[in-house]
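K.L.:
One file is attached below, target.txt, containing compact mmCIF, C-alpha atoms and all ligand atoms.
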```
# COMPACT_ATOMS: atom_id res chain seq x y z
CA MET A 1 113.33 134.63 108.49
CA THR A 2 112.91 131.15 107.07
CA THR A 3 110.03 129.59 105.18
CA ALA A 4 109.86 125.83 104.83
CA ARG A 5 107.44 123.50 103.08
CA ALA A 6 106.64 119.99 104.25
CA HIS A 7 104.21 117.57 102.65
CA THR A 8 101.82 115.41 104.58
CA ASN A 9 102.19 111.64 104.61
CA ILE A 10 99.86 108.69 104.88
CA ALA A 11 101.05 105.66 106.82
CA LEU A 12 100.89 102.35 104.97
CA ILE A 13 101.97 100.67 108.20
CA LYS A 14 100.42 102.72 110.99
CA TYR A 15 101.81 104.33 114.08
CA TRP A 16 99.32 104.07 116.92
CA GLY A 17 100.43 104.40 120.52
CA LYS A 18 103.25 105.98 122.47
CA ARG A 19 105.63 104.18 124.77
CA ASP A 20 106.86 107.53 126.08
CA ALA A 21 104.50 110.48 125.74
CA ALA A 22 107.07 113.16 126.66
CA LEU A 23 109.65 111.99 124.13
CA MET A 24 106.98 110.74 121.71
CA LEU A 25 108.51 107.30 121.36
CA PRO A 26 106.16 104.89 119.58
CA TYR A 27 105.48 101.26 120.40
CA THR A 28 105.94 100.27 116.77
CA SER A 29 107.81 101.27 113.65
CA SER A 30 105.76 102.67 110.77
CA VAL A 31 106.09 103.11 107.02
CA SER A 32 104.55 105.93 105.00
CA LEU A 33 104.09 107.63 101.67
CA THR A 34 104.58 111.39 101.45
CA LEU A 35 101.98 113.01 99.18
CA ALA A 36 102.48 115.60 96.45
CA ASP A 37 99.32 117.67 96.77
CA PHE A 38 98.95 118.28 100.50
CA TYR A 39 101.51 120.42 102.31
CA THR A 40 102.12 123.14 104.87
CA ASP A 41 104.21 126.29 104.40
CA THR A 42 105.58 127.76 107.61
CA THR A 43 107.58 130.94 108.18
CA VAL A 44 109.51 131.50 111.39
CA VAL A 45 111.23 134.71 112.54
CA PHE A 46 113.02 134.98 115.87
CA ASP A 47 112.50 138.60 116.90
CA PRO A 48 114.12 140.09 120.03
CA ALA A 49 111.35 142.70 120.16
CA LEU A 50 108.65 140.08 120.79
CA PRO A 51 107.49 139.56 124.40
CA ALA A 52 105.98 136.17 123.52
CA ASP A 53 105.70 133.74 120.60
CA THR A 54 102.90 134.40 118.13
CA PHE A 55 101.23 131.92 115.79
CA THR A 56 98.90 132.44 112.85
CA LEU A 57 97.32 129.71 110.74
CA ALA A 58 95.92 131.00 107.43
CA ASP A 59 96.24 134.52 108.88
CA GLN A 60 94.07 133.68 111.90
CA VAL A 61 95.69 134.21 115.29
CA ARG A 62 95.91 130.88 117.12
CA PRO A 63 96.97 129.84 120.64
CA THR A 64 100.66 129.05 121.08
CA THR A 65 100.07 126.25 123.59
CA LYS A 66 101.59 123.63 121.27
CA VAL A 67 103.92 125.87 119.27
CA THR A 68 105.79 127.37 122.24
CA PRO A 69 106.89 124.06 123.83
CA PHE A 70 108.09 122.98 120.40
CA LEU A 71 109.98 126.25 119.85
CA ASP A 72 111.48 125.79 123.34
CA LEU A 73 113.15 122.59 122.07
CA VAL A 74 114.64 124.55 119.18
CA ARG A 75 115.70 127.40 121.47
CA ALA A 76 117.37 124.94 123.84
CA GLN A 77 119.36 123.39 120.98
CA ALA A 78 120.35 126.81 119.60
CA GLY A 79 121.06 128.46 122.96
CA LEU A 80 118.43 131.14 122.26
CA THR A 81 115.84 132.83 124.45
CA THR A 82 114.34 135.01 121.70
CA ARG A 83 110.61 134.64 120.99
CA ALA A 84 109.36 133.87 117.49
CA ARG A 85 106.64 134.77 115.06
CA VAL A 86 105.25 131.66 113.33
CA ARG A 87 103.01 131.87 110.28
CA SER A 88 101.56 128.71 108.73
CA VAL A 89 99.37 128.02 105.76
CA ASN A 90 97.98 124.56 105.04
CA HIS A 91 97.69 123.80 101.34
CA VAL A 92 95.09 121.15 101.35
CA PRO A 93 92.27 121.28 98.79
CA THR A 94 89.30 123.08 100.31
CA ALA A 95 87.64 121.14 103.09
CA ALA A 96 89.62 118.02 102.35
CA GLY A 97 89.28 116.89 105.92
CA LEU A 98 92.91 115.87 105.84
CA ALA A 99 94.44 118.62 107.96
CA SER A 100 97.39 116.90 109.40
CA SER A 101 99.85 117.59 112.13
CA ALA A 102 102.44 115.68 110.08
CA SER A 103 103.17 118.41 107.54
CA ALA A 104 102.68 121.11 110.19
CA TYR A 105 105.37 119.95 112.60
CA ALA A 106 107.77 118.86 109.86
CA ALA A 107 107.58 122.36 108.31
CA LEU A 108 107.91 123.97 111.73
CA ALA A 109 110.93 121.83 112.62
CA LEU A 110 112.72 122.77 109.41
CA ALA A 111 111.80 126.49 109.43
CA ALA A 112 112.38 127.07 113.15
CA SER A 113 115.69 125.22 113.35
CA ARG A 114 117.04 127.07 110.32
CA ALA A 115 115.73 130.45 111.54
CA ALA A 116 117.45 129.76 114.88
CA GLY A 117 120.76 129.31 113.06
CA LEU A 118 120.89 125.52 113.41
CA THR A 119 121.86 123.26 110.54
CA LEU A 120 120.30 119.92 111.41
CA ASP A 121 120.68 116.86 109.24
CA ALA A 122 117.62 114.91 108.12
CA GLN A 123 117.81 112.50 111.04
CA ALA A 124 118.06 115.29 113.63
CA LEU A 125 115.17 117.15 111.95
CA SER A 126 113.11 114.00 111.99
CA ARG A 127 113.79 113.53 115.72
CA LEU A 128 112.83 117.16 116.36
CA ALA A 129 109.59 116.90 114.34
CA ARG A 130 108.72 113.76 116.32
CA ARG A 131 108.42 115.86 119.45
CA GLY A 132 105.58 117.86 117.84
CA SER A 133 103.65 114.95 116.40
CA GLY A 134 104.61 111.36 115.76
CA SER A 135 103.50 111.30 112.14
CA ALA A 136 105.60 114.45 111.48
CA THR A 137 108.73 112.34 112.01
CA ARG A 138 108.15 110.84 108.55
CA SER A 139 107.18 114.06 106.72
CA LEU A 140 110.76 115.30 106.38
CA PHE A 141 111.26 112.73 103.64
CA GLY A 142 109.89 112.43 100.13
CA GLY A 143 108.28 109.30 98.75
CA LEU A 144 108.48 106.32 101.07
CA SER A 145 109.91 106.46 104.55
CA VAL A 146 110.23 104.33 107.65
CA TRP A 147 110.09 105.57 111.22
CA HIS A 148 112.22 103.24 113.32
CA ARG A 149 110.55 103.01 116.70
CA GLY A 150 113.96 103.02 118.45
CA HIS A 151 114.33 102.87 122.22
CA ASP A 152 115.21 106.45 123.17
CA ASP A 153 115.32 110.00 121.79
CA ALA A 154 118.45 109.32 119.74
CA THR A 155 117.28 106.10 118.10
CA SER A 156 113.66 106.95 117.22
CA PHE A 157 113.77 108.70 113.83
CA ALA A 158 112.63 108.26 110.26
CA GLU A 159 114.60 107.85 107.08
CA ALA A 160 113.83 107.62 103.40
CA LEU A 161 113.33 104.18 101.87
CA PRO A 162 114.65 103.42 98.39
CA ALA A 163 112.24 104.63 95.72
CA THR A 164 109.97 101.98 94.25
CA THR A 165 109.61 101.64 90.49
CA LEU A 166 105.86 101.29 90.99
CA PRO A 167 103.78 104.30 89.84
CA LEU A 168 102.01 104.62 93.20
CA ARG A 169 98.91 106.79 93.42
CA MET A 170 96.54 107.60 96.25
CA VAL A 171 92.88 108.37 95.70
CA VAL A 172 91.51 110.26 98.69
CA VAL A 173 87.80 109.82 99.31
CA LEU A 174 86.22 112.53 101.37
CA VAL A 175 83.59 110.93 103.56
CA ASN A 176 83.30 113.76 106.05
CA ALA A 177 85.20 117.06 105.90
CA GLY A 178 84.32 118.09 109.46
CA PRO A 179 86.78 118.18 112.36
CA LYS A 180 87.63 114.84 113.99
CA PRO A 181 85.25 113.92 116.79
CA VAL A 182 88.12 112.61 118.93
CA SER A 183 91.78 113.62 118.72
CA SER A 184 94.27 110.97 117.72
CA ARG A 185 96.40 111.86 120.73
CA ALA A 186 93.69 111.14 123.30
CA LEU A 187 92.37 108.05 121.58
CA MET A 188 95.83 106.62 121.07
CA ALA A 189 96.55 106.89 124.78
CA ASN A 190 93.22 105.28 125.63
CA THR A 191 93.78 102.44 123.17
CA VAL A 192 97.15 101.68 124.74
CA ALA A 193 95.67 101.84 128.24
CA THR A 194 92.46 99.87 127.73
CA SER A 195 92.31 97.86 124.49
CA PRO A 196 92.87 94.14 125.05
CA TYR A 197 93.91 93.98 121.38
CA TYR A 198 96.71 96.50 121.81
CA PRO A 199 99.52 94.02 122.65
CA ALA A 200 98.53 91.96 119.60
CA TRP A 201 98.58 95.12 117.50
CA VAL A 202 102.16 95.86 118.60
CA THR A 203 103.39 92.37 117.75
CA HIS A 204 101.67 92.23 114.38
CA ASN A 205 102.44 95.76 113.31
CA GLU A 206 106.14 95.53 114.03
CA ALA A 207 106.36 92.41 111.88
CA ALA A 208 104.24 94.12 109.22
CA ALA A 209 106.66 97.07 109.05
CA ALA A 210 109.53 94.70 108.25
CA ALA A 211 107.39 92.82 105.71
CA MET A 212 106.36 96.11 104.08
CA ILE A 213 109.97 97.20 103.63
CA GLN A 214 110.66 93.89 101.87
CA ALA A 215 107.55 94.15 99.72
CA LEU A 216 108.48 97.70 98.68
CA ALA A 217 112.02 96.64 97.81
CA ALA A 218 110.57 93.83 95.69
CA ASN A 219 108.03 96.21 94.04
CA ASP A 220 105.40 93.64 95.01
CA PHE A 221 102.22 95.69 94.82
CA PRO A 222 99.74 93.00 95.95
CA ALA A 223 101.85 92.43 99.07
CA ILE A 224 102.20 96.18 99.67
CA GLY A 225 98.46 96.66 99.34
CA HIS A 226 97.58 93.68 101.48
CA LEU A 227 99.88 94.83 104.30
CA THR A 228 98.48 98.37 104.00
CA GLU A 229 94.88 97.23 104.52
CA GLN A 230 95.84 94.85 107.32
CA SER A 231 97.65 97.54 109.29
CA ALA A 232 94.77 100.00 108.99
CA MET A 233 92.09 97.47 109.91
CA GLN A 234 94.12 96.11 112.82
CA MET A 235 94.63 99.65 114.14
CA HIS A 236 90.90 100.36 113.89
CA ALA A 237 90.08 97.02 115.51
CA ALA A 238 92.29 97.93 118.48
CA ILE A 239 90.50 101.31 118.70
CA MET A 240 87.05 99.67 118.60
CA ALA A 241 88.06 97.32 121.40
CA ALA A 242 89.14 100.16 123.72
CA ASP A 243 87.07 101.22 126.72
CA PRO A 244 84.99 103.21 125.96
CA ALA A 245 84.56 101.59 122.56
CA PHE A 246 84.87 103.99 119.67
CA THR A 247 85.16 104.00 115.90
CA TYR A 248 86.00 106.56 113.23
CA PHE A 249 84.04 104.49 110.71
CA GLU A 250 80.97 106.16 109.25
CA PRO A 251 78.46 104.41 106.97
CA GLU A 252 80.10 105.83 103.86
CA THR A 253 83.51 104.71 105.10
CA LEU A 254 82.32 101.13 104.80
CA THR A 255 80.80 101.85 101.40
CA VAL A 256 84.27 102.84 100.18
CA TRP A 257 85.92 99.74 101.68
CA GLN A 258 83.30 97.56 99.96
CA THR A 259 83.85 99.35 96.66
CA VAL A 260 87.58 98.70 96.95
CA GLN A 261 86.94 95.02 97.62
CA ALA A 262 84.64 94.84 94.60
CA LEU A 263 87.28 96.52 92.44
CA ARG A 264 89.84 93.94 93.52
CA ALA A 265 87.44 91.14 92.73
CA GLN A 266 87.32 92.58 89.20
CA GLY A 267 91.12 92.53 89.01
CA VAL A 268 91.80 96.22 89.77
CA PRO A 269 94.74 96.55 92.19
CA ALA A 270 93.36 98.92 94.85
CA TYR A 271 93.73 98.81 98.63
CA ALA A 272 92.18 101.02 101.31
CA THR A 273 93.64 102.69 104.35
CA MET A 274 92.28 105.12 106.89
CA ASP A 275 93.61 107.23 109.75
CA ALA A 276 92.13 109.05 112.73
CA GLY A 277 89.02 110.08 110.82
CA PRO A 278 86.37 108.64 108.48
CA ASN A 279 88.04 109.52 105.16
CA VAL A 280 89.47 106.66 103.11
CA LYS A 281 92.66 106.71 101.08
CA ILE A 282 92.99 104.18 98.29
CA LEU A 283 96.41 103.00 97.26
CA THR A 284 96.59 102.05 93.60
CA LEU A 285 98.82 102.33 90.53
CA ALA A 286 98.65 105.07 87.88
CA PRO A 287 97.10 102.90 85.13
CA HIS A 288 94.19 102.02 87.47
CA VAL A 289 93.29 105.47 88.82
CA ASP A 290 90.51 105.91 86.25
CA ALA A 291 88.89 102.59 87.18
CA VAL A 292 89.02 103.45 90.90
CA GLN A 293 87.54 106.89 90.31
CA ALA A 294 84.84 105.54 88.00
CA ALA A 295 83.70 103.07 90.67
CA LEU A 296 83.41 105.82 93.28
CA LEU A 297 82.10 108.65 91.13
CA PRO A 298 78.36 107.89 91.35
CA ARG A 299 78.42 108.30 95.12
CA PHE A 300 81.43 110.55 95.74
CA ALA A 301 81.46 113.04 92.86
CA GLY A 302 83.33 116.17 93.94
CA ARG A 303 84.80 114.30 96.90
CA LEU A 304 87.68 112.48 95.19
CA MET A 305 91.26 113.67 94.92
CA THR A 306 94.12 111.74 93.37
CA THR A 307 97.68 112.39 94.35
CA ALA A 308 101.14 110.92 93.80
CA PRO A 309 104.29 110.61 95.92
CA GLY A 310 105.58 114.00 97.02
CA PRO A 311 108.98 115.53 97.74
CA ALA A 312 110.99 115.89 100.94
CA ALA A 313 110.54 118.92 103.18
CA HIS A 314 112.54 121.87 101.86
CA ILE A 315 113.38 125.50 102.43
CA LEU A 316 111.45 127.95 100.25
CA GLU A 317 113.06 131.15 101.51
CA ASP A 318 115.85 131.94 103.93
CA GLN A 319 116.96 135.51 104.59
O1 LIG B 1 99.34 112.66 113.71
P1 LIG B 1 99.65 111.91 114.99
O2 LIG B 1 101.11 111.91 115.22
O3 LIG B 1 98.87 112.34 116.15
O4 LIG B 1 99.26 110.36 114.75
C1 LIG B 1 98.47 109.94 113.71
C2 LIG B 1 98.44 108.48 113.60
C3 LIG B 1 97.82 107.97 112.32
O5 LIG B 1 97.69 109.01 111.36
C4 LIG B 1 96.44 107.41 112.58
C5 LIG B 1 98.69 106.87 111.76
C6 LIG B 1 100.02 107.30 111.24
O6 LIG B 1 100.97 106.52 111.36
O7 LIG B 1 100.14 108.41 110.68
```
Show me the file's structure as structure tokens.
Ligand code: PMV
P.N.:
Amino acid sequence: MTTARAHTNIALIKYWGKRDAALMLPYTSSVSLTLADFYTDTTVVFDPALPADTFTLADQVRPTTKVTPFLDLVRAQAGLTTRARVRSVNHVPTAAGLASSASAYAALALAASRAAGLTLDAQALSRLARRGSGSATRSLFGGLSVWHRGHDDATSFAEALPATTLPLRMVVVLVNAGPKPVSSRALMANTVATSPYYPAWVTHNEAAAAAMIQALAANDFPAIGHLTEQSAMQMHAAIMAADPAFTYFEPETLTVWQTVQALRAQGVPAYATMDAGPNVKILTLAPHVDAVQAALLPRFAGRLMTTAPGPAAHILEDQ
């Protein structure tokens, strides 16, 4: 029985679009920040007495339609046929609207591989997590990480980037805590298939990933922030241009973006990013968290959470 914890991550340079849906190979590399306060704990037991896999999330029985194919990958690597009991709990502040497959599949990859008797290194774990969800590839690592797009199963993995000396913080603004209206998986595929902006996105984003790695190494926060906003906006522009057109933006999403722009005009280093949902995450530095929160408080009281870089995925219990 193994319990593992993996923290969620927010991409500074986004992943959006698969070149190979079966192997989950992305069109572009991505760069992310793993967060301290949002994580998933997952326990896996392989039990010969079980006729089928079971899965509970926060003690609620859930379908195993996604879990079983993932466990099959682990079973194939370990030479096992035994079924497993999987128990997951998401530790995300109540109704944060941030439920993420990133921490879920990273925790499952670590717990299931260990419970199956495998000892995978970080790169192999990252490749395994990738098969569950692309963003999970990066959640094995603490702090900053890069997912190299690669060209096949062996070369598409994430790794940790050197730590920055910058006191990075992320202020999460909850615009809407409800479930996403459209899944990232479906919309990603449709963006690739129909958005005339998609090829431009691939070219720009791949260059942006390289530029971000340089900016991080140089601890150049204005460049880091600028690249972060560009990648998010370019991803959302490609989504808007798909057929049918769609956007995750809600009126309050734009309010937050405008507030961030106003803060910057006043000299506060703050930059916005946003994923497959209307909530906005603001990248800033520790000394400026209070100014960012103060600007948002009148409208978003009770809907702000500030977090810092978080640790790598790790084993909590193994017996
Ligand atoms: O969680 P996934 O693997 O379905 O993809 C999510 C993609 C974004 O969160 C929008 C961007 C990213 O790189 O995490």
K.L.:
List all protein, DNA and RNA residues that have at least one atom no more than 8 Å from any atom of ligand LIG 1 (chain B), counting all atoms listed in the file, and write them as an MDAnalysis selection string.
P.N.:
chainID A and resid 9:16 30:32 100:102 130 132:136 183:185 274:276
K.L.:
Which is closer to Thr8 of chain A than all the others in A:Val172, A:Ala106, A:Ala58, A:Ala209, using all atoms listed in the file?
P.N.:
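Answer, going by the shortest atom-to-atom distance: A:Ala106.
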K.L.:
Counting all atoms listed in the file, which of A:Ala313, A:Lys281, A:Val182, A:Ala4 gets nearest to Ser126 of chain A?
P.N.:
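That would be A:Ala313, the residue with the smallest distance to Ser126 of chain A.
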K.L.:
Please measure the separation of atom CA of Val67 of chain A and atom CA of Phe246 of chain A, giving the value in Å to one decimal.
P.N.:
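For atom CA of Val67 of chain A relative to atom CA of Phe246 of chain A, the distance reads 29.0 Å.
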K.L.:
For a cut-off of 7 Å around (110.2, 99.9, 113.3), file coordinates, pick out all residues using all atoms listed in the file and list them as a list in words.
P.N.:
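Neighbouring residues, ordered by chain and number, come to Thr28, Ser29, Ser30, Trp147, His148, Arg149, Glu206 and Ala209 of chain A.
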K.L.:
Within 12 Å of (103.9, 115.0, 128.0), in the coordinates the file gives, what residues turn up when you count only C-alpha atoms, written out as a PyMOL selection string?
P.N.:
chain A and resi 18-25+66+69-70+131-133+185-186+189
K.L.:
Which residue is closest to Asn90 of chain A? Choose from A:Ala6, A:Pro51, A:Ala129, A:Ala163 and count all atoms listed in the file.
P.N.:
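Result for the nearest residue to Asn90 of chain A: A:Ala6.
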K.L.:
What does the structure give for the distance between atom CA of Thr273 of chain A and atom CA of Gly225 of chain A, in Å to one decimal?
P.N.:
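According to the coordinates, atom CA of Thr273 of chain A and atom CA of Gly225 of chain A are separated by 9.2 Å.
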K.L.:
Name the residues in contact with His314 of chain A at a cut-off of 12 Å, using only C-alpha atoms, excluding same-chain residues fewer than 3 positions from it; report them as a VMD selection string.
P.N.:
chain A and resid 2 to 7 39 to 42 103 106 to 111 114 122 125 139 to 142 310 to 311 317 to 318
K.L.:
Quick one, how far is atom CA of Leu144 of chain A from atom CA of His91 of chain A?
P.N.:
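Taking atom CA of Leu144 of chain A and atom CA of His91 of chain A, their separation equals 20.5 Å.
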K.L.:
Write out as a JSON list (two decimals) with C-alpha atoms, in the coordinates of the input the residues lying within 12 Å of Ala84 of chain A, counting only C-alpha atoms and excluding same-chain residues fewer than 5 positions away.
P.N.:
```
[["chain", "number", "residue", "atom", "x", "y", "z"],
["A", 1, "MET", "CA", 113.33, 134.63, 108.49],
["A", 2, "THR", "CA", 112.91, 131.15, 107.07],
["A", 43, "THR", "CA", 107.58, 130.94, 108.18],
["A", 44, "VAL", "CA", 109.51, 131.50, 111.39],
["A", 45, "VAL", "CA", 111.23, 134.71, 112.54],
["A", 46, "PHE", "CA", 113.02, 134.98, 115.87],
["A", 47, "ASP", "CA", 112.50, 138.60, 116.90],
["A", 48, "PRO", "CA", 114.12, 140.09, 120.03],
["A", 49, "ALA", "CA", 111.35, 142.70, 120.16],
["A", 50, "LEU", "CA", 108.65, 140.08, 120.79],
["A", 51, "PRO", "CA", 107.49, 139.56, 124.40],
["A", 52, "ALA", "CA", 105.98, 136.17, 123.52],
["A", 53, "ASP", "CA", 105.70, 133.74, 120.60],
["A", 54, "THR", "CA", 102.90, 134.40, 118.13],
["A", 55, "PHE", "CA", 101.23, 131.92, 115.79],
["A", 56, "THR", "CA", 98.90, 132.44, 112.85],
["A", 64, "THR", "CA", 100.66, 129.05, 121.08],
["A", 67, "VAL", "CA", 103.92, 125.87, 119.27],
["A", 68, "THR", "CA", 105.79, 127.37, 122.24],
["A", 69, "PRO", "CA", 106.89, 124.06, 123.83],
["A", 70, "PHE", "CA", 108.09, 122.98, 120.40],
["A", 71, "LEU", "CA", 109.98, 126.25, 119.85],
["A", 72, "ASP", "CA", 111.48, 125.79, 123.34],
["A", 74, "VAL", "CA", 114.64, 124.55, 119.18],
["A", 75, "ARG", "CA", 115.70, 127.40, 121.47],
["A", 108, "LEU", "CA", 107.91, 123.97, 111.73],
["A", 111, "ALA", "CA", 111.80, 126.49, 109.43],
["A", 112, "ALA", "CA", 112.38, 127.07, 113.15],
["A", 113, "SER", "CA", 115.69, 125.22, 113.35],
["A", 115, "ALA", "CA", 115.73, 130.45, 111.54],
["A", 116, "ALA", "CA", 117.45, 129.76, 114.88]]
```
K.L.:
For segment 296-301 of chain A, work out the shell of residues within 8 Å, counting only C-alpha atoms and skipping chain neighbours fewer than 5 positions away, then give it as a ChimeraX atom specification.
P.N.:
/A:173-174,256,259
